[in-house]
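Novice: Below is the structure I would like to discuss, written out as structure tokens.
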Amino acid sequence: MQTPFFLGPRLYFRPLEREDAPRLAAFVNHPDVRRNLLVHRPMNTAQEVAFVDTLTASPKDVMLAIVLRDGDRMIGTSGLHDLDFRSRRATFGMLIGEPSEWRKGYGTEATRMTLEYGFGTLNLERVQLEVLEHNTAGIRAYEKAGFQREGVLRRHHYVDGAYVDTWVMGILRSEWKPAPA
Ligand SMILES: CC(C)(COP(=O)(O)OP(=O)(O)OC[C@H]1O[C@@H](n2cnc3c(N)ncnc32)[C@H](O)[C@@H]1OP(=O)(O)O)[C@@H](O)C(=O)NCCC(=O)NCCS
């Protein structure tokens, strides 16, 4: 493992590096990935380097690489954003950037790990997210980790030729079930 920061059963989180930029560009430009992330302009490696630098310097963001323990390969990113240390809340965002790695439980594991970090390390009170209504895999992963639907932003985004509703989901510290030791 390279610079492991947070360990899960099959995954680990490590800091994002500038050297990850080409891989990040491959992730976010992939048509099947970007349609759920609302990326509508091509992103090149230089933009991803700037993205890594900006997030690393920001006190309101924590962005982590999701890496397979077996094989030590980065397959995505997980982040807590808009960190508000007075109200103790953050907004969660995640991607598994290789569609060949979908449906293996990694999205659910990364969500649980991020909550463990957010509640257990950062002492947050609430974590929230927004997800497109058609993102069945995302919604399912979030529900399995304990998120609840809190509301709907109607016709909030225009995706692939149609307006799409967006779910707002959230989990409170009192609802979070830490992984057994
Ligand atoms: C959303 C995402 C993180 C899910 O990751 P994943 O590793 O495939 O998720 P999991 O394997 O943990 O699956 C979670 C649940 O969704 C289900 N699921 C996965 N893909 C599905 C699909 N295409 N249709 C229906 N259910 C699906 C799984 O079966 C699982 O439920 P189960 O345990 O009850 O069977 C991944 O698809 C992704 O990164 N997509 C592109 C970017 C994105 O959407 N990010 C989130 C933006 S809010």
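Identifiers in the structure tokens: chain A, B, ... in order shown; residue index from 1 per chain; ligand index from 1 in order shown.
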According to DSSP computed on the backbone, where in region 11-110 of chain A is there strand (DSSP E or B)? Give the residues as a count of residues only.
Specialist: 32
Novice: Extract, using only C-alpha atoms, all DNA, RNA and protein residues at most 6 Å from region 131-133 of chain A, discarding same-chain residues fewer than 4 positions from it, and format them as a PyMOL selection string.
Specialist: chain A and resi 165-167
Novice: When you count only C-alpha atoms, which of these residues is closest to Gly93 (chain A): A:Leu115, A:Pro22, A:Arg69, A:Leu129?
Specialist: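 Of A:Leu115, A:Pro22, A:Arg69, A:Leu129, the one nearest Gly93 (chain A), counting only C-alpha atoms, is A:Leu129.
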Novice: Can you pull out every residue with an atom within 8 Å of ligand 1? Use only C-alpha atoms and all ligand atoms and format it as a PyMOL selection string.
Specialist: chain A and resi 32-37+76+93-99+101-109+129-132+135-142+144
Novice: Please, which residues of region 15-175 of chain A, numbered as in this document, come out alpha helix (DSSP H) from DSSP, as a VMD selection string?
Specialist: chain A and resid 21 to 29 31 to 37 45 to 57 106 to 120 136 to 145
Novice: Given the selection you just returned, output its residues as a file containing N, CA and C atoms, formatted as a compact mmCIF listing (two decimals), in the first residue's frame.
Specialist:
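Now in part.txt:
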```
# COMPACT_ATOMS: atom_id res chain seq x y z
N ALA A 21 -3.40 12.66 -11.86
CA ALA A 21 -4.21 13.48 -12.77
C ALA A 21 -4.61 12.76 -14.08
N PRO A 22 -3.69 12.04 -14.76
CA PRO A 22 -4.12 11.37 -16.00
C PRO A 22 -5.23 10.35 -15.75
N ARG A 23 -5.12 9.66 -14.64
CA ARG A 23 -6.12 8.64 -14.32
C ARG A 23 -7.46 9.32 -13.97
N LEU A 24 -7.39 10.44 -13.24
CA LEU A 24 -8.62 11.18 -12.92
C LEU A 24 -9.31 11.66 -14.20
N ALA A 25 -8.50 12.13 -15.15
CA ALA A 25 -9.08 12.59 -16.42
C ALA A 25 -9.77 11.43 -17.13
N ALA A 26 -9.14 10.26 -17.12
CA ALA A 26 -9.76 9.08 -17.74
C ALA A 26 -11.09 8.76 -17.07
N PHE A 27 -11.12 8.88 -15.75
CA PHE A 27 -12.36 8.58 -15.01
C PHE A 27 -13.48 9.54 -15.41
N VAL A 28 -13.21 10.84 -15.29
CA VAL A 28 -14.32 11.79 -15.40
C VAL A 28 -14.77 12.05 -16.84
N ASN A 29 -13.93 11.67 -17.81
CA ASN A 29 -14.35 11.84 -19.20
C ASN A 29 -15.15 10.64 -19.72
N PRO A 31 -17.88 8.35 -20.74
CA PRO A 31 -19.30 8.71 -20.89
C PRO A 31 -20.21 8.12 -19.82
N ASP A 32 -19.96 6.88 -19.42
CA ASP A 32 -20.84 6.25 -18.43
C ASP A 32 -20.64 6.83 -17.03
N VAL A 33 -19.47 7.39 -16.80
CA VAL A 33 -19.19 7.99 -15.48
C VAL A 33 -19.69 9.42 -15.45
N ARG A 34 -19.34 10.20 -16.49
CA ARG A 34 -19.60 11.64 -16.43
C ARG A 34 -21.09 11.98 -16.44
N ARG A 35 -21.93 11.12 -17.01
CA ARG A 35 -23.35 11.46 -17.06
C ARG A 35 -23.98 11.50 -15.66
N ASN A 36 -23.40 10.81 -14.73
CA ASN A 36 -23.90 10.87 -13.36
C ASN A 36 -23.18 11.91 -12.51
N LEU A 37 -22.09 12.47 -13.06
CA LEU A 37 -21.33 13.47 -12.31
C LEU A 37 -21.60 14.88 -12.80
N THR A 45 -5.57 16.62 -18.53
CA THR A 45 -4.70 16.33 -17.39
C THR A 45 -4.32 17.59 -16.63
N ALA A 46 -4.04 18.69 -17.36
CA ALA A 46 -3.65 19.94 -16.69
C ALA A 46 -4.78 20.42 -15.78
N GLN A 47 -6.02 20.28 -16.24
CA GLN A 47 -7.15 20.70 -15.40
C GLN A 47 -7.26 19.82 -14.16
N GLU A 48 -6.95 18.55 -14.33
CA GLU A 48 -7.01 17.64 -13.17
C GLU A 48 -5.88 17.93 -12.18
N VAL A 49 -4.70 18.33 -12.69
CA VAL A 49 -3.61 18.73 -11.77
C VAL A 49 -4.07 19.94 -10.96
N ALA A 50 -4.69 20.92 -11.64
CA ALA A 50 -5.17 22.13 -10.94
C ALA A 50 -6.24 21.75 -9.92
N PHE A 51 -7.09 20.80 -10.29
CA PHE A 51 -8.15 20.33 -9.40
C PHE A 51 -7.55 19.71 -8.13
N VAL A 52 -6.54 18.86 -8.31
CA VAL A 52 -5.88 18.24 -7.16
C VAL A 52 -5.25 19.33 -6.26
N ASP A 53 -4.57 20.28 -6.90
CA ASP A 53 -3.92 21.35 -6.13
C ASP A 53 -4.94 22.18 -5.35
N THR A 54 -6.05 22.52 -6.01
CA THR A 54 -7.08 23.35 -5.36
C THR A 54 -7.69 22.63 -4.17
N LEU A 55 -8.04 21.37 -4.38
CA LEU A 55 -8.70 20.64 -3.29
C LEU A 55 -7.73 20.37 -2.14
N THR A 56 -6.48 20.09 -2.49
CA THR A 56 -5.49 19.82 -1.44
C THR A 56 -5.28 21.06 -0.56
N ALA A 57 -5.34 22.24 -1.19
CA ALA A 57 -5.10 23.48 -0.43
C ALA A 57 -6.35 23.96 0.31
N TYR A 106 -17.82 -2.03 -4.16
CA TYR A 106 -16.82 -1.03 -3.79
C TYR A 106 -17.46 0.33 -3.46
N GLY A 107 -18.52 0.69 -4.20
CA GLY A 107 -19.19 1.97 -3.93
C GLY A 107 -19.76 1.99 -2.52
N THR A 108 -20.37 0.88 -2.12
CA THR A 108 -20.94 0.79 -0.78
C THR A 108 -19.83 0.84 0.27
N GLU A 109 -18.77 0.10 0.02
CA GLU A 109 -17.65 0.10 1.00
C GLU A 109 -17.03 1.48 1.12
N ALA A 110 -16.83 2.16 0.01
CA ALA A 110 -16.22 3.50 0.06
C ALA A 110 -17.14 4.50 0.77
N THR A 111 -18.46 4.33 0.58
CA THR A 111 -19.40 5.22 1.28
C THR A 111 -19.30 4.99 2.79
N ARG A 112 -19.29 3.72 3.18
CA ARG A 112 -19.19 3.42 4.63
C ARG A 112 -17.88 3.95 5.20
N MET A 113 -16.80 3.79 4.47
CA MET A 113 -15.49 4.27 4.96
C MET A 113 -15.50 5.79 5.11
N THR A 114 -16.11 6.46 4.15
CA THR A 114 -16.13 7.93 4.21
C THR A 114 -16.95 8.40 5.42
N LEU A 115 -18.06 7.69 5.71
CA LEU A 115 -18.86 8.06 6.88
C LEU A 115 -18.07 7.79 8.17
N GLU A 116 -17.35 6.69 8.17
CA GLU A 116 -16.54 6.37 9.35
C GLU A 116 -15.50 7.48 9.59
N TYR A 117 -14.92 7.95 8.52
CA TYR A 117 -13.94 9.03 8.63
C TYR A 117 -14.64 10.34 9.04
N GLY A 118 -15.78 10.63 8.41
CA GLY A 118 -16.47 11.90 8.69
C GLY A 118 -17.01 11.98 10.11
N PHE A 119 -17.64 10.90 10.57
CA PHE A 119 -18.21 10.93 11.91
C PHE A 119 -17.14 10.59 12.96
N GLY A 120 -16.33 9.57 12.66
CA GLY A 120 -15.39 9.07 13.66
C GLY A 120 -14.13 9.91 13.81
N THR A 136 -29.45 4.63 -9.91
CA THR A 136 -29.92 3.54 -9.03
C THR A 136 -28.79 2.99 -8.17
N ALA A 137 -27.61 2.81 -8.78
CA ALA A 137 -26.49 2.21 -8.03
C ALA A 137 -26.05 3.13 -6.90
N GLY A 138 -25.96 4.43 -7.22
CA GLY A 138 -25.56 5.38 -6.18
C GLY A 138 -26.56 5.40 -5.05
N ILE A 139 -27.85 5.52 -5.38
CA ILE A 139 -28.89 5.60 -4.34
C ILE A 139 -28.86 4.35 -3.47
N ARG A 140 -28.71 3.22 -4.11
CA ARG A 140 -28.68 1.94 -3.36
C ARG A 140 -27.46 1.90 -2.43
N ALA A 141 -26.30 2.29 -2.95
CA ALA A 141 -25.09 2.28 -2.10
C ALA A 141 -25.27 3.22 -0.91
N TYR A 142 -25.85 4.40 -1.15
CA TYR A 142 -26.01 5.37 -0.07
C TYR A 142 -27.01 4.86 0.97
N GLU A 143 -28.11 4.26 0.49
CA GLU A 143 -29.11 3.72 1.43
C GLU A 143 -28.50 2.61 2.28
N LYS A 144 -27.71 1.75 1.64
CA LYS A 144 -27.11 0.65 2.40
C LYS A 144 -26.17 1.16 3.48
N ALA A 145 -25.54 2.32 3.23
CA ALA A 145 -24.63 2.89 4.22
C ALA A 145 -25.38 3.73 5.26
```
Novice: Calculate how many Å separate CA of Thr3 (chain A) from CA of Met74 (chain A), rounding to one decimal.
Specialist: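 Distance reported for this atom pair: 12.4 Å.
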Novice: Which polymer residues have any atom within 8 Å of an atom of His81 (chain A), counting only C-alpha atoms, with same-chain residues fewer than 6 positions away left out, as a ChimeraX atom specification?
Specialist: /A:60-62,90-93
Novice: Could you save the residues just selected, with N, CA, C and O atoms, as a PDB file, in the first residue's frame?
Specialist:
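So again13.pdb came out as:
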```pdb
ATOM      1  N   LYS A  60     -11.828  23.403   3.231  1.00  0.00           N
ATOM      2  CA  LYS A  60     -13.228  22.966   3.246  1.00  0.00           C
ATOM      3  C   LYS A  60     -13.438  21.659   2.497  1.00  0.00           C
ATOM      4  O   LYS A  60     -14.574  21.232   2.298  1.00  0.00           O
ATOM      5  N   ASP A  61     -12.369  21.068   2.008  1.00  0.00           N
ATOM      6  CA  ASP A  61     -12.492  19.837   1.223  1.00  0.00           C
ATOM      7  C   ASP A  61     -11.492  18.795   1.709  1.00  0.00           C
ATOM      8  O   ASP A  61     -10.351  19.143   2.039  1.00  0.00           O
ATOM      9  N   VAL A  62     -11.941  17.543   1.708  1.00  0.00           N
ATOM     10  CA  VAL A  62     -11.003  16.419   1.873  1.00  0.00           C
ATOM     11  C   VAL A  62     -11.292  15.460   0.726  1.00  0.00           C
ATOM     12  O   VAL A  62     -12.409  14.964   0.597  1.00  0.00           O
ATOM     13  N   ALA A  90     -20.974  18.190   6.176  1.00  0.00           N
ATOM     14  CA  ALA A  90     -20.199  18.152   4.928  1.00  0.00           C
ATOM     15  C   ALA A  90     -21.047  17.510   3.847  1.00  0.00           C
ATOM     16  O   ALA A  90     -22.043  16.833   4.122  1.00  0.00           O
ATOM     17  N   THR A  91     -20.643  17.739   2.602  1.00  0.00           N
ATOM     18  CA  THR A  91     -21.322  17.155   1.444  1.00  0.00           C
ATOM     19  C   THR A  91     -20.413  16.082   0.838  1.00  0.00           C
ATOM     20  O   THR A  91     -19.238  16.332   0.576  1.00  0.00           O
ATOM     21  N   PHE A  92     -20.994  14.907   0.641  1.00  0.00           N
ATOM     22  CA  PHE A  92     -20.245  13.733   0.174  1.00  0.00           C
ATOM     23  C   PHE A  92     -20.333  13.611  -1.344  1.00  0.00           C
ATOM     24  O   PHE A  92     -21.404  13.808  -1.933  1.00  0.00           O
ATOM     25  N   GLY A  93     -19.216  13.259  -1.980  1.00  0.00           N
ATOM     26  CA  GLY A  93     -19.211  12.959  -3.404  1.00  0.00           C
ATOM     27  C   GLY A  93     -18.250  11.812  -3.674  1.00  0.00           C
ATOM     28  O   GLY A  93     -17.199  11.712  -3.026  1.00  0.00           O
TER      29      GLY A  93
END
```
Novice: Kindly indicate which residue among A:His134, A:Arg73, A:Arg86, A:Arg10 lies nearest to His157 (chain A), using only C-alpha atoms for the distances.
Specialist: A:His134
Novice: With only C-alpha atoms as the basis for distance, which of A:Asp84, A:Glu150, A:Asp72, A:Glu19 is at the shortest distance from Ile171 (chain A)?
Specialist: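 Closest to Ile171 (chain A), using only C-alpha atoms: A:Glu150.
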Novice: Report as a PyMOL selection string all protein, DNA and RNA residues lying within 6 Å of Glu125 (chain A), evaluated on only C-alpha atoms, omitting residues in the same chain fewer than 4 positions from it.
Specialist: chain A and resi 88-89+172-173
Novice: Which residues are close to Lys177 (chain A), i.e. within 8 Å by only C-alpha atoms, leaving aside same-chain residues fewer than 2 positions away? Reply as JSON, numbers by chain.
Specialist: {"A": [146, 175, 179]}
Novice: Within 6 Å of Tyr12 (chain A), counting only C-alpha atoms, which residues qualify if same-chain residues fewer than 5 places away don't, as a ChimeraX atom specification?
Specialist: /A:6-7,67
Novice: Residues of the last selection are to be written out with C-alpha atoms, as a PDB file, in the first residue's frame.
Specialist:
```pdb
ATOM      1  CA  PHE A   6      -7.796   4.942   5.994  1.00  0.00           C
ATOM      2  CA  LEU A   7      -8.255   1.198   5.713  1.00  0.00           C
ATOM      3  CA  VAL A  67      -7.479   2.153  -3.973  1.00  0.00           C
TER       4      VAL A  67
END
```
Novice: How far is it from CA of Met43 (chain A) to CA of Arg18 (chain A), in Å with one decimal?
Specialist: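 The value is 14.7 Å.
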Novice: Expressed in Å to a single decimal, how great is the separation between CA of Trp176 (chain A) and CA of Leu122 (chain A)?
Specialist: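 Going from CA of Trp176 (chain A) over to CA of Leu122 (chain A), I get 13.8 Å.
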